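Engineer: Data file upload_11.tsv (TSV, C-alpha atoms) is appended below.
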```tsv
chain	number	residue	atom	x	y	z
A	813	MET	CA	-21.23	-12.58	23.82
A	814	ASN	CA	-18.21	-10.28	24.11
A	815	PHE	CA	-16.34	-9.58	20.88
A	816	LYS	CA	-13.13	-8.65	22.69
A	817	SER	CA	-12.84	-11.96	24.57
A	818	LYS	CA	-13.88	-13.95	21.52
A	819	TYR	CA	-11.33	-12.10	19.38
A	820	LYS	CA	-8.66	-12.76	21.99
A	821	GLU	CA	-9.58	-16.43	22.06
A	822	TYR	CA	-9.38	-16.53	18.27
A	823	ASN	CA	-5.94	-14.91	18.31
A	824	GLU	CA	-4.60	-17.25	20.97
A	825	SER	CA	-5.26	-20.08	18.52
A	826	ILE	CA	-2.91	-18.47	15.99
A	827	VAL	CA	0.56	-19.61	16.93
A	828	PRO	CA	3.70	-19.80	14.81
A	829	ASP	CA	5.03	-23.22	13.97
A	830	GLY	CA	7.58	-24.47	16.54
A	831	LYS	CA	9.98	-25.67	13.86
A	832	PHE	CA	9.88	-22.25	12.20
A	833	ILE	CA	10.68	-20.53	15.52
A	834	ASN	CA	13.63	-22.87	16.21
A	835	GLU	CA	15.03	-22.23	12.73
A	836	LEU	CA	14.55	-18.51	13.17
A	837	ALA	CA	16.41	-18.60	16.50
A	838	ASP	CA	19.36	-20.29	14.73
A	839	LYS	CA	19.29	-17.71	11.93
A	840	MET	CA	19.24	-14.89	14.48
A	841	ASP	CA	22.22	-16.37	16.33
A	842	CYS	CA	24.15	-16.65	13.03
A	843	ALA	CA	23.19	-13.08	12.08
A	844	ARG	CA	24.24	-11.79	15.49
A	845	THR	CA	27.65	-13.52	15.25
A	846	SER	CA	28.34	-12.12	11.80
A	847	GLN	CA	27.06	-8.72	12.93
A	848	ASN	CA	29.51	-8.71	15.84
A	849	LYS	CA	32.35	-9.67	13.47
A	850	LYS	CA	31.36	-6.84	11.15
A	851	ILE	CA	31.36	-4.36	14.05
A	852	THR	CA	34.87	-5.48	15.06
A	853	ILE	CA	36.14	-5.18	11.47
A	854	ASN	CA	34.45	-1.78	11.11
A	855	LYS	CA	36.17	-0.59	14.29
A	856	TYR	CA	39.57	-1.49	12.80
A	857	VAL	CA	38.67	0.21	9.53
A	858	ILE	CA	37.57	3.36	11.39
A	859	TYR	CA	40.76	3.42	13.50
A	860	THR	CA	42.94	2.98	10.41
A	861	ALA	CA	41.01	5.63	8.48
A	862	ALA	CA	41.29	8.02	11.44
A	863	LEU	CA	45.06	7.49	11.54
A	864	PHE	CA	45.34	8.22	7.81
A	865	ILE	CA	43.22	11.36	8.17
A	866	ILE	CA	45.38	12.64	11.04
A	867	ALA	CA	48.56	11.85	9.12
A	868	GLY	CA	47.15	13.49	5.97
A	869	GLY	CA	46.11	16.56	7.96
A	870	LEU	CA	49.56	16.90	9.45
A	871	PHE	CA	51.20	16.53	6.07
A	872	PHE	CA	48.86	19.11	4.50
A	873	THR	CA	49.47	21.61	7.31
A	874	LEU	CA	53.22	21.27	7.00
A	875	ASP	CA	53.09	21.47	3.22
A	876	ARG	CA	50.79	24.54	3.30
A	877	ASN	CA	53.11	26.35	5.67
A	878	ASN	CA	55.97	25.79	3.22
A	879	TYR	CA	53.81	26.95	0.32
A	880	LEU	CA	52.64	30.15	2.05
A	881	SER	CA	56.17	31.13	2.86
A	882	GLU	CA	56.94	31.37	-0.89
A	883	ASP	CA	56.22	34.57	-2.91
A	884	MET	CA	52.66	34.40	-4.26
A	885	PRO	CA	51.43	36.11	-7.46
A	886	ILE	CA	48.54	38.52	-6.91
A	887	TYR	CA	45.35	38.40	-9.02
A	888	GLU	CA	42.63	40.95	-9.15
A	889	GLU	CA	39.32	39.24	-8.28
A	890	SER	CA	37.13	40.98	-10.84
A	891	SER	CA	39.44	40.84	-13.82
A	892	GLU	CA	38.09	40.79	-17.39
A	893	SER	CA	39.36	37.28	-17.98
A	894	ASN	CA	37.38	35.98	-15.00
A	895	ARG	CA	34.21	37.62	-16.21
A	896	PHE	CA	34.74	36.13	-19.64
A	897	GLU	CA	35.08	32.63	-18.16
A	898	LEU	CA	31.85	33.05	-16.26
A	899	LYS	CA	29.99	33.94	-19.42
A	900	GLY	CA	31.47	31.14	-21.48
A	901	GLY	CA	31.82	27.42	-20.88
A	902	ASN	CA	29.36	24.60	-21.34
A	903	VAL	CA	27.01	25.41	-18.51
A	904	THR	CA	23.50	24.52	-19.61
A	905	GLU	CA	20.58	26.62	-18.60
A	906	ASP	CA	18.63	25.11	-15.71
A	907	LYS	CA	15.06	25.29	-16.84
A	908	GLY	CA	13.79	23.85	-13.58
A	909	ILE	CA	10.84	21.59	-13.12
A	910	THR	CA	8.08	22.69	-15.41
A	911	GLU	CA	4.44	22.57	-14.47
A	912	LYS	CA	3.83	20.49	-17.56
A	913	ASN	CA	6.09	17.73	-16.27
A	914	TYR	CA	4.58	17.50	-12.86
A	915	PHE	CA	0.88	18.14	-13.21
A	916	SER	CA	-0.07	16.67	-16.54
A	917	ASP	CA	-1.33	13.12	-16.69
A	918	ASN	CA	-1.35	12.62	-20.43
A	919	ASN	CA	2.11	13.52	-21.70
A	920	TRP	CA	3.75	10.28	-20.66
A	921	TYR	CA	2.74	8.45	-23.85
A	922	ASN	CA	2.68	9.25	-27.53
A	923	GLU	CA	-0.56	10.92	-28.57
A	924	ASN	CA	-1.09	8.35	-31.33
A	925	THR	CA	-1.11	5.45	-28.87
A	926	GLU	CA	-4.38	3.53	-28.70
A	927	THR	CA	-6.08	3.40	-25.30
A	928	ALA	CA	-5.84	-0.39	-25.35
A	929	ASP	CA	-2.06	-0.21	-25.70
A	930	LEU	CA	-1.47	2.20	-22.81
A	931	PRO	CA	-0.81	-0.54	-20.20
A	932	LYS	CA	1.91	-1.97	-22.44
A	933	VAL	CA	3.50	1.48	-22.82
A	934	LEU	CA	3.33	1.98	-19.06
A	935	ALA	CA	4.72	-1.52	-18.43
A	936	SER	CA	7.67	-0.97	-20.74
A	937	ARG	CA	8.44	2.39	-19.13
A	938	LEU	CA	8.24	0.82	-15.66
A	939	TYR	CA	10.57	-1.97	-16.77
A	940	ASP	CA	13.17	0.33	-18.29
A	941	ASN	CA	15.80	1.19	-15.66
A	942	THR	CA	17.07	4.10	-17.70
A	943	ASP	CA	13.57	5.64	-17.73
A	944	MET	CA	12.09	4.61	-14.38
A	945	ASP	CA	13.05	6.60	-11.33
A	946	LYS	CA	10.76	5.86	-8.37
A	947	LEU	CA	7.52	4.03	-7.84
A	948	TYR	CA	5.56	5.15	-4.80
A	949	VAL	CA	3.04	2.69	-3.34
A	950	SER	CA	0.23	3.40	-0.93
A	951	GLU	CA	-3.03	1.98	0.29
A	952	GLU	CA	-4.39	5.49	0.50
A	953	GLU	CA	-4.39	8.16	-2.17
A	954	VAL	CA	-1.73	10.09	-0.29
A	955	PHE	CA	1.83	8.89	-0.90
A	956	ASP	CA	4.44	8.84	1.82
A	957	ASP	CA	8.00	7.56	1.51
A	958	MET	CA	7.08	3.97	0.68
A	959	ILE	CA	8.88	3.12	-2.55
A	960	ALA	CA	8.69	-0.16	-4.43
A	961	SER	CA	11.93	-2.10	-4.82
A	962	GLU	CA	13.40	-2.76	-8.25
A	963	GLU	CA	12.20	-6.35	-8.04
A	964	GLU	CA	8.67	-5.24	-7.19
A	965	ILE	CA	8.68	-2.77	-10.08
A	966	LYS	CA	9.67	-5.57	-12.48
A	967	GLU	CA	6.89	-7.81	-11.12
A	968	LEU	CA	4.33	-5.04	-11.38
A	969	SER	CA	5.53	-4.22	-14.88
A	970	SER	CA	4.96	-7.82	-16.00
A	971	LEU	CA	1.43	-7.69	-14.53
A	972	VAL	CA	0.58	-4.33	-16.12
A	973	ASN	CA	1.85	-5.70	-19.42
A	974	LEU	CA	-0.92	-8.33	-19.28
A	975	ALA	CA	-3.69	-5.76	-18.81
A	976	GLU	CA	-6.40	-5.46	-21.43
A	977	VAL	CA	-9.44	-3.26	-21.69
A	978	ALA	CA	-12.07	-4.85	-19.44
A	979	ASP	CA	-15.48	-5.89	-20.73
A	980	GLU	CA	-16.74	-6.53	-17.22
A	981	SER	CA	-16.46	-4.53	-14.04
A	982	GLU	CA	-16.77	-5.17	-10.34
A	983	GLU	CA	-17.28	-2.90	-7.40
A	984	PRO	CA	-13.88	-1.16	-7.03
A	985	VAL	CA	-12.51	-2.29	-3.68
A	986	SER	CA	-9.09	-2.90	-2.08
A	987	PRO	CA	-7.23	-0.26	-4.07
A	988	VAL	CA	-3.46	0.00	-4.13
A	989	TYR	CA	-2.33	3.34	-5.42
A	990	TYR	CA	0.87	3.76	-7.40
A	991	MET	CA	2.71	6.86	-8.52
A	992	ALA	CA	5.46	6.27	-11.04
A	993	VAL	CA	8.02	9.05	-11.35
A	994	PHE	CA	10.18	8.84	-14.45
A	995	LYS	CA	13.62	10.32	-14.94
A	996	ASN	CA	12.39	12.81	-17.53
A	997	GLY	CA	9.91	14.21	-14.99
A	998	ASP	CA	6.81	12.36	-16.22
A	999	ILE	CA	4.48	11.21	-13.49
A	1000	VAL	CA	1.87	8.52	-13.94
A	1001	LYS	CA	-0.63	7.70	-11.24
A	1002	PHE	CA	-2.49	4.44	-11.49
A	1003	THR	CA	-4.50	2.17	-9.22
A	1004	VAL	CA	-4.86	-1.58	-8.97
A	1005	TRP	CA	-8.32	-2.63	-7.75
A	1006	ASN	CA	-9.50	-6.02	-6.46
A	1007	ASN	CA	-6.00	-7.34	-7.28
A	1008	CYS	CA	-6.82	-7.45	-10.99
A	1009	PHE	CA	-8.32	-4.22	-12.33
A	1010	ILE	CA	-6.21	-1.21	-13.30
A	1011	THR	CA	-7.20	2.39	-13.82
A	1012	ILE	CA	-4.76	5.05	-14.99
A	1013	ASN	CA	-5.32	8.66	-14.03
A	1014	GLY	CA	-6.27	10.73	-17.04
A	1015	VAL	CA	-7.26	7.66	-19.07
A	1016	ASN	CA	-10.94	6.90	-19.36
A	1017	ALA	CA	-10.70	3.11	-19.38
A	1018	LEU	CA	-10.78	0.15	-17.06
A	1019	TYR	CA	-8.20	-2.55	-17.65
A	1020	ILE	CA	-8.15	-6.11	-16.41
A	1021	ILE	CA	-5.02	-8.17	-15.76
A	1022	LYS	CA	-5.57	-11.45	-17.60
B	609	MET	CA	18.78	-2.34	28.43
B	610	GLN	CA	20.79	-5.51	28.07
B	611	ASP	CA	20.23	-7.52	24.93
B	612	VAL	CA	18.53	-10.89	25.32
B	613	PRO	CA	19.41	-14.17	23.57
B	614	ALA	CA	17.51	-14.94	20.38
B	615	ALA	CA	15.52	-17.85	21.82
B	616	GLU	CA	14.42	-15.77	24.80
B	617	LEU	CA	13.43	-12.84	22.62
B	618	LEU	CA	11.40	-15.11	20.37
B	619	GLY	CA	9.75	-16.66	23.43
B	620	MET	CA	8.69	-13.19	24.54
B	621	TYR	CA	7.60	-11.62	21.28
B	622	SER	CA	7.32	-14.09	18.39
B	623	GLU	CA	3.60	-14.69	18.98
B	624	ILE	CA	2.82	-10.98	19.24
B	625	VAL	CA	4.67	-10.24	15.99
B	626	TYR	CA	3.27	-13.29	14.22
B	627	ARG	CA	-0.35	-12.54	15.21
B	628	LEU	CA	-0.08	-8.93	14.13
B	629	ALA	CA	1.39	-10.00	10.78
B	630	TYR	CA	-1.31	-12.64	10.43
B	631	SER	CA	-4.06	-10.13	11.20
B	632	ARG	CA	-2.87	-8.10	8.26
B	633	THR	CA	-2.02	-10.81	5.74
B	634	GLN	CA	-4.39	-13.62	6.81
B	635	ASN	CA	-1.80	-15.96	5.41
B	636	ARG	CA	0.49	-18.24	7.41
B	637	HIS	CA	3.41	-18.16	4.96
B	638	ASP	CA	3.41	-14.37	4.69
B	639	ALA	CA	3.10	-14.04	8.47
B	640	GLU	CA	6.19	-16.25	8.85
B	641	ASP	CA	8.09	-14.20	6.26
B	642	ILE	CA	7.24	-10.99	8.10
B	643	THR	CA	8.15	-12.46	11.50
B	644	GLN	CA	11.52	-13.54	10.13
B	645	ASP	CA	12.17	-10.12	8.54
B	646	VAL	CA	11.29	-8.31	11.76
B	647	PHE	CA	13.57	-10.36	14.00
B	648	LEU	CA	16.48	-10.33	11.54
B	649	LYS	CA	16.10	-6.57	11.26
B	650	TYR	CA	16.19	-6.44	15.04
B	651	ILE	CA	19.58	-8.17	15.02
B	652	LYS	CA	20.90	-6.09	12.13
B	653	SER	CA	19.93	-2.70	13.46
B	654	ALA	CA	20.63	-3.60	17.13
B	655	PRO	CA	18.35	-0.88	18.53
B	656	ARG	CA	18.70	0.37	22.11
B	657	PHE	CA	15.66	0.42	24.37
B	658	ASN	CA	14.80	2.18	27.61
B	659	CYS	CA	12.33	-0.42	28.77
B	660	GLU	CA	10.43	-3.54	27.71
B	661	GLU	CA	7.48	-1.46	26.49
B	662	HIS	CA	9.85	0.43	24.23
B	663	ARG	CA	11.14	-2.82	22.75
B	664	LYS	CA	7.59	-4.07	22.18
B	665	ALA	CA	6.60	-0.79	20.50
B	666	TRP	CA	9.62	-1.05	18.19
B	667	LEU	CA	8.73	-4.61	17.21
B	668	LEU	CA	5.08	-3.67	16.58
B	669	LYS	CA	6.09	-0.71	14.44
B	670	VAL	CA	8.53	-2.72	12.35
B	671	THR	CA	5.92	-5.47	11.95
B	672	VAL	CA	3.35	-2.94	10.73
B	673	ASN	CA	5.83	-1.55	8.19
B	674	ALA	CA	6.96	-4.98	7.02
B	675	SER	CA	3.33	-6.12	6.62
B	676	LYS	CA	2.51	-2.96	4.72
B	677	SER	CA	5.39	-3.51	2.29
B	678	LEU	CA	4.41	-7.12	1.75
B	679	VAL	CA	0.73	-6.43	1.33
B	680	THR	CA	1.29	-3.63	-1.19
B	681	SER	CA	3.74	-5.73	-3.19
B	682	ALA	CA	2.18	-6.39	-6.56
B	683	TRP	CA	3.33	-9.98	-6.69
B	684	VAL	CA	1.88	-10.84	-3.28
B	685	ARG	CA	-1.42	-9.22	-4.14
B	686	ARG	CA	-1.58	-11.11	-7.41
B	687	ARG	CA	-0.95	-14.50	-5.83
B	688	ALA	CA	-3.01	-13.76	-2.69
B	689	ASN	CA	-6.21	-15.11	-4.19
B	690	ILE	CA	-4.65	-18.43	-5.09
B	691	ASP	CA	-2.83	-18.79	-1.77
B	692	ASP	CA	-5.81	-17.90	0.35
B	693	ALA	CA	-7.76	-20.79	-1.01
B	694	GLU	CA	-4.95	-23.23	-0.26
B	695	ASN	CA	-4.20	-21.66	3.07
B	696	MET	CA	-7.77	-21.97	4.24
B	697	LYS	CA	-7.65	-25.71	3.80
B	698	VAL	CA	-4.59	-25.94	6.04
B	699	ASP	CA	-5.87	-23.73	8.82
B	700	PHE	CA	-9.52	-24.60	8.73
B	701	SER	CA	-9.68	-26.42	12.03
B	702	GLN	CA	-8.15	-23.53	13.96
B	703	LYS	CA	-10.49	-20.86	12.71
B	704	ASN	CA	-13.68	-20.00	14.44
B	705	GLU	CA	-16.46	-17.98	12.91
B	706	LEU	CA	-14.59	-14.75	13.71
B	707	TYR	CA	-11.99	-15.58	11.08
B	708	TYR	CA	-14.55	-15.36	8.35
B	709	THR	CA	-15.83	-12.09	9.73
B	710	VAL	CA	-12.48	-10.42	10.31
B	711	ILE	CA	-11.16	-11.41	6.88
B	712	LYS	CA	-14.05	-9.51	5.32
B	713	LEU	CA	-12.80	-6.26	6.81
B	714	PRO	CA	-10.52	-4.09	4.63
B	715	GLN	CA	-6.84	-4.57	5.51
B	716	LYS	CA	-6.40	-1.13	7.02
B	717	TYR	CA	-9.28	-1.81	9.44
B	718	ARG	CA	-8.06	-5.30	10.37
B	719	ILE	CA	-4.81	-3.97	11.79
B	720	VAL	CA	-6.57	-1.24	13.76
B	721	VAL	CA	-9.05	-3.78	15.18
B	722	HIS	CA	-6.18	-6.09	16.13
B	723	LEU	CA	-4.18	-3.38	17.88
B	724	PHE	CA	-7.24	-2.09	19.71
B	725	TYR	CA	-8.93	-5.30	20.72
B	726	TYR	CA	-6.00	-7.68	21.07
B	727	GLU	CA	-2.98	-5.54	21.93
B	728	GLN	CA	-5.31	-3.21	23.84
B	729	LEU	CA	-3.50	-0.10	22.66
B	730	SER	CA	-5.14	3.28	22.99
B	731	VAL	CA	-6.24	5.30	19.96
B	732	LEU	CA	-3.27	7.63	20.53
B	733	GLN	CA	-0.79	4.72	20.64
B	734	ILE	CA	-2.27	3.22	17.47
B	735	SER	CA	-2.08	6.57	15.69
B	736	GLU	CA	1.61	6.89	16.61
B	737	LEU	CA	2.31	3.34	15.53
B	738	LEU	CA	0.56	3.64	12.18
B	739	ASN	CA	1.56	7.25	11.49
B	740	ARG	CA	-2.07	8.22	11.12
B	741	LYS	CA	-4.03	10.98	12.77
B	742	GLU	CA	-5.96	10.16	15.95
B	743	SER	CA	-9.16	11.22	14.22
B	744	THR	CA	-8.40	8.80	11.35
B	745	ILE	CA	-7.96	5.91	13.79
B	746	LYS	CA	-11.19	6.86	15.55
B	747	SER	CA	-13.15	6.92	12.33
B	748	GLN	CA	-11.53	3.69	11.12
B	749	LEU	CA	-12.46	2.00	14.41
B	750	PHE	CA	-15.96	3.37	14.11
B	751	ARG	CA	-16.33	2.07	10.56
B	752	ALA	CA	-14.76	-1.29	11.46
B	753	ARG	CA	-17.16	-1.66	14.40
B	754	LYS	CA	-20.08	-0.78	12.19
B	755	MET	CA	-19.04	-3.40	9.63
B	756	LEU	CA	-18.39	-5.98	12.34
B	757	ARG	CA	-21.76	-5.26	13.93
B	758	LYS	CA	-23.45	-5.87	10.61
B	759	LEU	CA	-21.44	-8.99	9.89
B	760	LEU	CA	-21.90	-10.40	13.37
B	761	GLU	CA	-25.57	-9.50	13.63
B	762	GLU	CA	-26.69	-13.08	13.85
B	763	GLU	CA	-24.12	-13.95	16.50
B	764	GLN	CA	-25.30	-11.23	18.93
B	765	TYR	CA	-21.79	-10.04	19.75
B	766	GLU	CA	-21.27	-7.16	22.12
B	767	LEU	CA	-18.74	-4.72	20.62
```
Turn the structure described in the file into structure tokens.

Structural biologist:
Amino acid sequence: MNFKSKYKEYNESIVPDGKFINELADKMDCARTSQNKKITINKYVIYTAALFIIAGGLFFTLDRNNYLSEDMPIYEESSESNRFELKGGNVTEDKGITEKNYFSDNNWYNENTETADLPKVLASRLYDNTDMDKLYVSEEEVFDDMIASEEEIKELSSLVNLAEVADESEEPVSPVYYMAVFKNGDIVKFTVWNNCFITINGVNALYIIK
Amino acid sequence: MQDVPAAELLGMYSEIVYRLAYSRTQNRHDAEDITQDVFLKYIKSAPRFNCEEHRKAWLLKVTVNASKSLVTSAWVRRRANIDDAENMKVDFSQKNELYYTVIKLPQKYRIVVHLFYYEQLSVLQISELLNRKESTIKSQLFRARKMLRKLLEEEQYEL
């Protein structure tokens, strides 16, 4: 028996529902109509903006010519006052990204936190918009540019919040890898296994979503 | 290339997109969601194509990405177990023994098997579509075949 022909036969039996396709065709027609309207409106906006830019450019050129014709005061580039300004001000020192922020797995929670409470800490950090920056998702341990949406982060956060230390364990299969990057530079890598188990890098525990 | 009306486009490609999405999600509702997303994205982004093959490749690529996003979504993964059980009742009559074999494969292998055996794409085309190295696709196909061979041992399938 040939697998290829059998697989083809199996696939031919998978057909989308006719009603669904008809509804989708209607939605596509509606979307196309509104898309065309948007394009027309955008064209007008672009033309108007272009006119304003040209008018603004003309006005600026004319105004600049008038300005240059007036007597201008002369300043020495490296004057003392300039140097003083450069030294002063409120410019904060850019410390850059420290190795500690990016390569440590255990500075994202308070040292006194119990292992059992770590999922809750992680969940609350994921949930907090002011703390959470990006959540990378991947089916392999290498992360590309796939980022979870805000809605997905909230859903994941509510699941992680339910995690407890597991008494049982299963063979770890079907992993989904996550890398949470927080605004303060903390990075937490964790993995969801079999849809219900969680492991957090740097934490020696297996959690189960109950 | 001139754009085609929605109904015509769906007539040409809806089954291809739907089957690819289904191969990944093994769930009718998710496959419909993905199909809808792909075709609405098609309208929204209004891409230009050189030929029909180009259009098909674009649709396959967007389907792969949409399926990937859906499958890795925490919520979907959480409810997948519950839905699968219900979904199986609905689709039971249409599934032959291959369904139960293919569903046992890991998701990343299912899509490679589908593109290779059903869409009949080459390893190079699959690697471009999935943004994976050719050698990765080869080894994934090898592993998938090995698993299938084991799973289909009793059926005497020729792979």

Engineer: Could you tell me which residues of chain A sit within 7 Å of chain B when counting all atoms listed in the file, and give me the result as a list in words?

Structural biologist: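 So the residues of chain A near chain B are Met813, Asn814, Phe815, Lys816, Lys820, Tyr822, Asn823, Ser825, Ile826, Val827, Pro828, Leu836, Ala837, Met840, Asp841, Ala843, Arg844, Gln847, Val949, Glu964, Glu967, Leu968, Ser986, Val988 and Asn1007 of chain A.
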
Engineer: Once you have the residues from the selection above, write them out as an mmCIF file, in the frame of the given file, restricted to C-alpha atoms.

Structural biologist:
```cif
data_model
loop_
_atom_site.group_PDB
_atom_site.id
_atom_site.type_symbol
_atom_site.label_atom_id
_atom_site.label_comp_id
_atom_site.auth_asym_id
_atom_site.auth_seq_id
_atom_site.Cartn_x
_atom_site.Cartn_y
_atom_site.Cartn_z
ATOM 1 C CA MET A 813 -21.230 -12.580 23.820
ATOM 2 C CA ASN A 814 -18.210 -10.280 24.110
ATOM 3 C CA PHE A 815 -16.340 -9.580 20.880
ATOM 4 C CA LYS A 816 -13.130 -8.650 22.690
ATOM 5 C CA LYS A 820 -8.660 -12.760 21.990
ATOM 6 C CA TYR A 822 -9.380 -16.530 18.270
ATOM 7 C CA ASN A 823 -5.940 -14.910 18.310
ATOM 8 C CA SER A 825 -5.260 -20.080 18.520
ATOM 9 C CA ILE A 826 -2.910 -18.470 15.990
ATOM 10 C CA VAL A 827 0.560 -19.610 16.930
ATOM 11 C CA PRO A 828 3.700 -19.800 14.810
ATOM 12 C CA LEU A 836 14.550 -18.510 13.170
ATOM 13 C CA ALA A 837 16.410 -18.600 16.500
ATOM 14 C CA MET A 840 19.240 -14.890 14.480
ATOM 15 C CA ASP A 841 22.220 -16.370 16.330
ATOM 16 C CA ALA A 843 23.190 -13.080 12.080
ATOM 17 C CA ARG A 844 24.240 -11.790 15.490
ATOM 18 C CA GLN A 847 27.060 -8.720 12.930
ATOM 19 C CA VAL A 949 3.040 2.690 -3.340
ATOM 20 C CA GLU A 964 8.670 -5.240 -7.190
ATOM 21 C CA GLU A 967 6.890 -7.810 -11.120
ATOM 22 C CA LEU A 968 4.330 -5.040 -11.380
ATOM 23 C CA SER A 986 -9.090 -2.900 -2.080
ATOM 24 C CA VAL A 988 -3.460 0.000 -4.130
ATOM 25 C CA ASN A 1007 -6.000 -7.340 -7.280
#
```

Engineer: Determine, counting only C-alpha atoms, which protein, DNA and RNA residues have an atom within 9 Å of an atom of Trp666 in chain B; residues of the same chain fewer than 6 positions away are not included. Present the result as a PyMOL selection string.

Structural biologist: chain B and resi 655+657+737

Engineer: Could you check which of A:Val954, A:Pro987, A:Cys1008, A:Ser817 is closest to Arg740 in chain B, using only C-alpha atoms?

Structural biologist: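 Nearest to Arg740 in chain B: A:Val954.
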
Engineer: Hey, which of A:Ala960, A:Ala862, A:Leu1018, A:Val1000 ends up closest to Glu980 in chain A? Count only C-alpha atoms.

Structural biologist: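 Closest to Glu980 in chain A of all the choices is A:Leu1018.
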
Engineer: May I ask which of the residues B:Thr671, B:Cys659, B:Lys664, B:Met620 is the closest one to Ile719 in chain B, counting only C-alpha atoms?

Structural biologist: B:Thr671

Engineer: When you look at Ile1020 in chain A with a cut-off of 12 Å (counting only C-alpha atoms), what residues show up, excluding the ones that are within fewer than 6 positions of it in the same chain? I need them as a PyMOL selection string.

Structural biologist: chain A and resi 928+931+971-982+1003-1012

Engineer: Distance CA of Asn996 in chain A-CA of Trp920 in chain A, one decimal place?

Structural biologist: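 It comes out at 9.5 Å.
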
Engineer: What's the separation between CA of Ser950 in chain A and CA of Tyr989 in chain A, in Å to one decimal place?

Structural biologist: 5.2 Å

Engineer: Measure the distance from CA of Ile853 in chain A to CA of Gly869 in chain A in Å and round it to one decimal.

Structural biologist: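 We find that CA of Ile853 in chain A and CA of Gly869 in chain A lie 24.2 Å from each other.
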